[in-house]
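Participant: Could you have a look at this structure, given as structure tokens, before my questions?
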Amino acid sequence: MSSSQAQPSDSFIHALGRFFIELILELGDLTLFGLSLLKSLLRGIPKQRVILGCMYEVGVRSVPVVLVTGLFIGMVLAVQTYDQFASMRMESRLGAIINVSLVKELGPVLAAVMLAGRVGSAMAAELGTMRVTEQIDALRALGANPIQYLVVPRFLACFLLIPLLTVMADAVGVFGGWLLSTTALGIESTFYWHHSNKYVAIFDVAGGLVKSMFFGAAIAIIACNRGFHCGAGAEGVGRAATESFVLSFIVILSLDFFLGVLISAVYRLVYAGHAASVWLDSTGFVGGLV
Amino acid sequence: MSAAMKEPFSKPLSSHGPDEPIVEFRNVSRSFGSHQILRNIDLSVIAGETLCLIGESGCGKSVTMKLMMGLMAPSSGDVLWDGVSIVGRSDEELVRDRLRFGYLFQGAALFDSLNVYENIAFGLRQNTRMSEDFIRETVMERLKEVGLASTAAYKMPSELSGGMRKRVGLARALALMPDIILYDEPTTGLDPIMTDVINTLIKKTRDRRPVTSIVVTHEMSTVRKVADRIVMFYPLSRLKPDEPQIVFEGTPEEAFSSDDPRVSQFVYGEAGERMQELMLV
């Protein structure tokens with residue numbers, strides 16, 4: 001993101017105007033970058049060796065961090081919700097709230113945030129360094145399309161592997177929540193699973209995975225775009241990595257909200273049979289979500 | 001070299017007339033934001049010559065090279081290859097014609113994640129259907145041409161010295177047998193012996209087959225050794241609005257005997273009144 005530095009003589013209106021102009025330019029640039037990526041994707045996929053290298057970096061090497069995060073989130077959810085549920089004498093239903101929260105929200109969002117931090121920043125820094133050292137120009141000079149060669153494999157790795165990482169985060173989160181609830185909090189395992197089974201639908205899991213694919217696509221596009229527009233020197237590379245993470249984080253949370261609204265609407269339309277109320281509910285956001 | 005590799009070249013070098021420009025700039029200007037680097041440049045590169053672009057740092061020599069190869073578009077004016085404009089053509093349209101150029105980048109720009117062999121083979125794998133055996137043969141031949149042992153082929157760029165990186169960069173630029181070779185500061189940062197090695201390689205490359213060479217350099221030893229013709233750029237910040245940015249065009253002998261203090265100070269490495277300016281800052 002280009003810096004919108006306020007000038008000493010700026011009025012508030014000037015600064016606001018400059019901010020919005022830069023925001024629109026950035027969005028336009030990201031859109032054009034996404035379109036050239038789409039064009040390259042339609043032209044064909046890169047060589048297997050290149051894609052597998054990216055998949056190893058994005059997928060395999062992210063597994064430990066995603067597993068640890070997922071495990072602790074499951075346990076934290078159990079600890080944080082137990083007292084409220086116990087005060088209503090509903091502690092046996094703890095499994096429902098932990099698992100619904102995990103598969104619908106926390107699993108996909110946390111896996112995406114981990115990916116944005118671990119992989120997105122590294123991608124922005126790597127491509128930024130390639131730009132600064134003229135390696136991207138060298139690719140073009142040697143007849144390669146940098147989007148095709150550098151961005152497409154990273155995009156595919158993020159887009160295809162983030163659902164698998166989300167499944168892992170969900171699974172260890174569910175395990176962590178169950179472990180803490182049944183050992184430290186004294187909840188009967190049978191009731192825990194009974195209520196989990198009753199309240200967690202396959203649609204919830206699928207919804208979370210669909211969201212994660214959008215998150216993966218956004219992370220790859222933002223990280224590669226920041227790398228390609230990296231400023232000069234070590235400072236430029238560092239800034240590209242930071243901007244990549246911050247922008248990805250904001251976009252993940254924004255997408256999570258809008259996709260959450262959309263998926264809820266689809267759920268009601270397909271499963272609950274409330275077709276007529278979908279439009280009304282989704283336009284009244286909060287009512288549609290509850 | 002296979003016929004398939006020669007396919008992108010629209011016009012073989014041998015078919016050029018003696019004074020026919022292979023690359024031409026017509027009134028080219030280039031700015032970055034509000035900062036203008038090049039202003040109204042007219043320049044022709046004649047097929048088969050070795051042209052040296054000299055001038056102070058920041059006067060637009062490297063930008064000129066990127067404009068020549070179509071890696072960058074001019075803000076205004078026209079760039080022509082064999083008399084045909086390339087301005088406004090997309091990267092997809094230019095990619096095959098661009099293979100007639102070889103580019104030795106300032107810092108060599110070797111791909112960090114690939115070893116020496118893969119770096120040199122990159123263009124061949126990307127643009128030809130050569131067998132791996134033929135690619136291996138070509139890579140080893142290019143390594144030998146730049147004076148590197150075959151054992152260097154499996155080293156990573158991070159394991160190479162500055163001189164070796166430049167030589168690998170040159171081997172990579174030569175792999176596709178280009179008609180035009182662009183050298184961006186090929187000897188900067190090298191010791192005098194390695195500088196002479198690179199200068200000799202530039203000459204040998206030209207002697208081996210008829211290529212057009214364009215060399216951006218600050219090193220007058222390079223200019224003396226390789227140049228047929230010199231073009232000197234001057235920083236816009238030091239020129240009046242109506243003064244041309246190219247302050248000298250001629251042979252090395254003419255440059256060394258020039259009366260223009262801007263040219264003589266540069267070629268003899270004398271700061272002159274510039275020293276006083278710096279002291280005042």
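Lettering and numbering for the structure tokens are positional, with chains as A, B, ... in the shown order, residues counted from 1 in each chain, and ligands counted from 1 in the shown order.
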For chain A, work out the contacting residues on chain B at 12 Å, counting only C-alpha atoms, and write them as an NGL selection string.
Facilitator: :B and (5 or 8 or 62 or 65-72 or 90-114 or 119-128 or 169 or 172-178 or 181-182 or 184)
Participant: From stretch 28-59 of chain B, collect each residue whose DSSP state is strand (DSSP E or B) and return the set as a ChimeraX atom specification.
Facilitator: /B:28-32,35-46,50-54
Participant: Would you write out those residues with C-alpha atoms, as a CSV table (one decimal), in the first residue's frame?
Facilitator:
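The file below, result_34.csv, is the result:
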chain,number,residue,atom,x,y,z
B,28,VAL,CA,12.1,9.2,-26.3
B,29,SER,CA,11.4,10.6,-22.8
B,30,ARG,CA,10.9,8.6,-19.6
B,31,SER,CA,9.8,9.8,-16.2
B,32,PHE,CA,9.1,8.1,-12.9
B,35,HIS,CA,11.0,12.9,-11.8
B,36,GLN,CA,12.2,12.9,-15.4
B,37,ILE,CA,15.2,10.7,-16.3
B,38,LEU,CA,15.3,10.9,-20.1
B,39,ARG,CA,14.3,13.8,-22.3
B,40,ASN,CA,13.8,13.7,-26.1
B,41,ILE,CA,16.5,11.1,-26.8
B,42,ASP,CA,17.3,10.2,-30.4
B,43,LEU,CA,19.6,7.3,-30.7
B,44,SER,CA,20.4,4.6,-33.3
B,45,VAL,CA,22.2,1.3,-32.8
B,46,ILE,CA,23.8,0.0,-36.0
B,50,THR,CA,29.7,-2.2,-30.1
B,51,LEU,CA,28.1,0.9,-28.6
B,52,CYS,CA,29.2,2.2,-25.2
B,53,LEU,CA,26.8,4.3,-23.2
B,54,ILE,CA,28.6,6.4,-20.6
Participant: What separation in Å, quoted to one decimal, exists between atom CA of A:Leu25 and atom CA of A:Leu110?
Facilitator: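 So the two atoms, atom CA of A:Leu25 and atom CA of A:Leu110, lie 29.2 Å apart.
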Participant: Choose the residue, out of A:Ser121, A:Asn225, A:His195, A:Ala157, that has the smallest atom-to-atom separation from A:Val246; count only C-alpha atoms.
Facilitator: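 The closest residue to A:Val246 is A:Ser121.
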Participant: Take atom CA of B:Asp260 and atom CA of B:Gly272 and report the distance between them in Å, one decimal.
Facilitator: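 It comes out at 12.7 Å.
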Participant: What lies within 9 Å of A:Ile73 using only C-alpha atoms, ignoring chain neighbours under 5 positions off, as a list in words?
Facilitator: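 Counting only the stated atoms, we get Val68, Ala78, Leu102, Leu106, Gly107, Leu110, Gly173, Gly176 and Gly177 of chain A.
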Participant: When you look at A:Thr182 with a cut-off of 9 Å (counting only C-alpha atoms), what residues show up, excluding the ones that are within fewer than 6 positions of it in the same chain? I need them as a ChimeraX atom specification.
Facilitator: /A:188-189,192
Participant: Go ahead and save the residues from that selection, with all heavy atoms, as an mmCIF file, in the first residue's frame.
Facilitator:
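Output contents, as saved in part.cif:
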data_model
loop_
_atom_site.group_PDB
_atom_site.id
_atom_site.type_symbol
_atom_site.label_atom_id
_atom_site.label_comp_id
_atom_site.auth_asym_id
_atom_site.auth_seq_id
_atom_site.Cartn_x
_atom_site.Cartn_y
_atom_site.Cartn_z
ATOM 1 N N GLU A 188 -19.045 -35.372 30.567
ATOM 2 C CA GLU A 188 -19.155 -36.748 30.081
ATOM 3 C C GLU A 188 -18.940 -36.779 28.564
ATOM 4 O O GLU A 188 -19.578 -36.036 27.822
ATOM 5 C CB GLU A 188 -20.556 -37.273 30.423
ATOM 6 C CG GLU A 188 -20.808 -38.721 30.081
ATOM 7 C CD GLU A 188 -19.894 -39.692 30.845
ATOM 8 O OE1 GLU A 188 -19.687 -39.496 32.058
ATOM 9 O OE2 GLU A 188 -19.375 -40.610 30.187
ATOM 10 N N SER A 189 -18.038 -37.636 28.121
ATOM 11 C CA SER A 189 -17.675 -37.689 26.700
ATOM 12 C C SER A 189 -18.880 -37.997 25.799
ATOM 13 O O SER A 189 -19.034 -37.422 24.715
ATOM 14 C CB SER A 189 -16.585 -38.748 26.515
ATOM 15 O OG SER A 189 -16.164 -38.774 25.193
ATOM 16 N N TYR A 192 -20.917 -34.931 25.339
ATOM 17 C CA TYR A 192 -20.120 -33.971 24.550
ATOM 18 C C TYR A 192 -20.279 -34.261 23.053
ATOM 19 O O TYR A 192 -20.615 -33.375 22.264
ATOM 20 C CB TYR A 192 -18.638 -34.085 24.963
ATOM 21 C CG TYR A 192 -17.745 -33.043 24.328
ATOM 22 C CD1 TYR A 192 -17.494 -31.830 24.950
ATOM 23 C CD2 TYR A 192 -17.154 -33.274 23.086
ATOM 24 C CE1 TYR A 192 -16.674 -30.884 24.368
ATOM 25 C CE2 TYR A 192 -16.338 -32.329 22.495
ATOM 26 C CZ TYR A 192 -16.104 -31.135 23.140
ATOM 27 O OH TYR A 192 -15.295 -30.182 22.564
#
Participant: Which residue is closest to A:Glu105? Choose from A:Leu30, A:Ala122, A:Cys224, A:Leu259 and count only C-alpha atoms.
Facilitator: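 Once distances to A:Glu105 are computed over only C-alpha atoms, the minimum belongs to A:Leu259.
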Participant: With only C-alpha atoms as the basis for distance, which of A:Thr31, A:Thr183, A:Ser196, A:Ser212 is at the shortest distance from A:Leu164?
Facilitator: A:Ser212
Participant: Under the rule that only C-alpha atoms are counted, which of A:His14, A:Lys211, A:Ser244, A:Asp29 is the nearest residue to A:Val119?
Facilitator: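 Closest to A:Val119, using only C-alpha atoms: A:Ser244.
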Participant: DSSP on the backbone, then: every residue of stretch 127-260 of chain B marked alpha helix (DSSP H), written as a ChimeraX atom specification.
Facilitator: /B:127,132-145,162-174,192-208,220-226,252-256
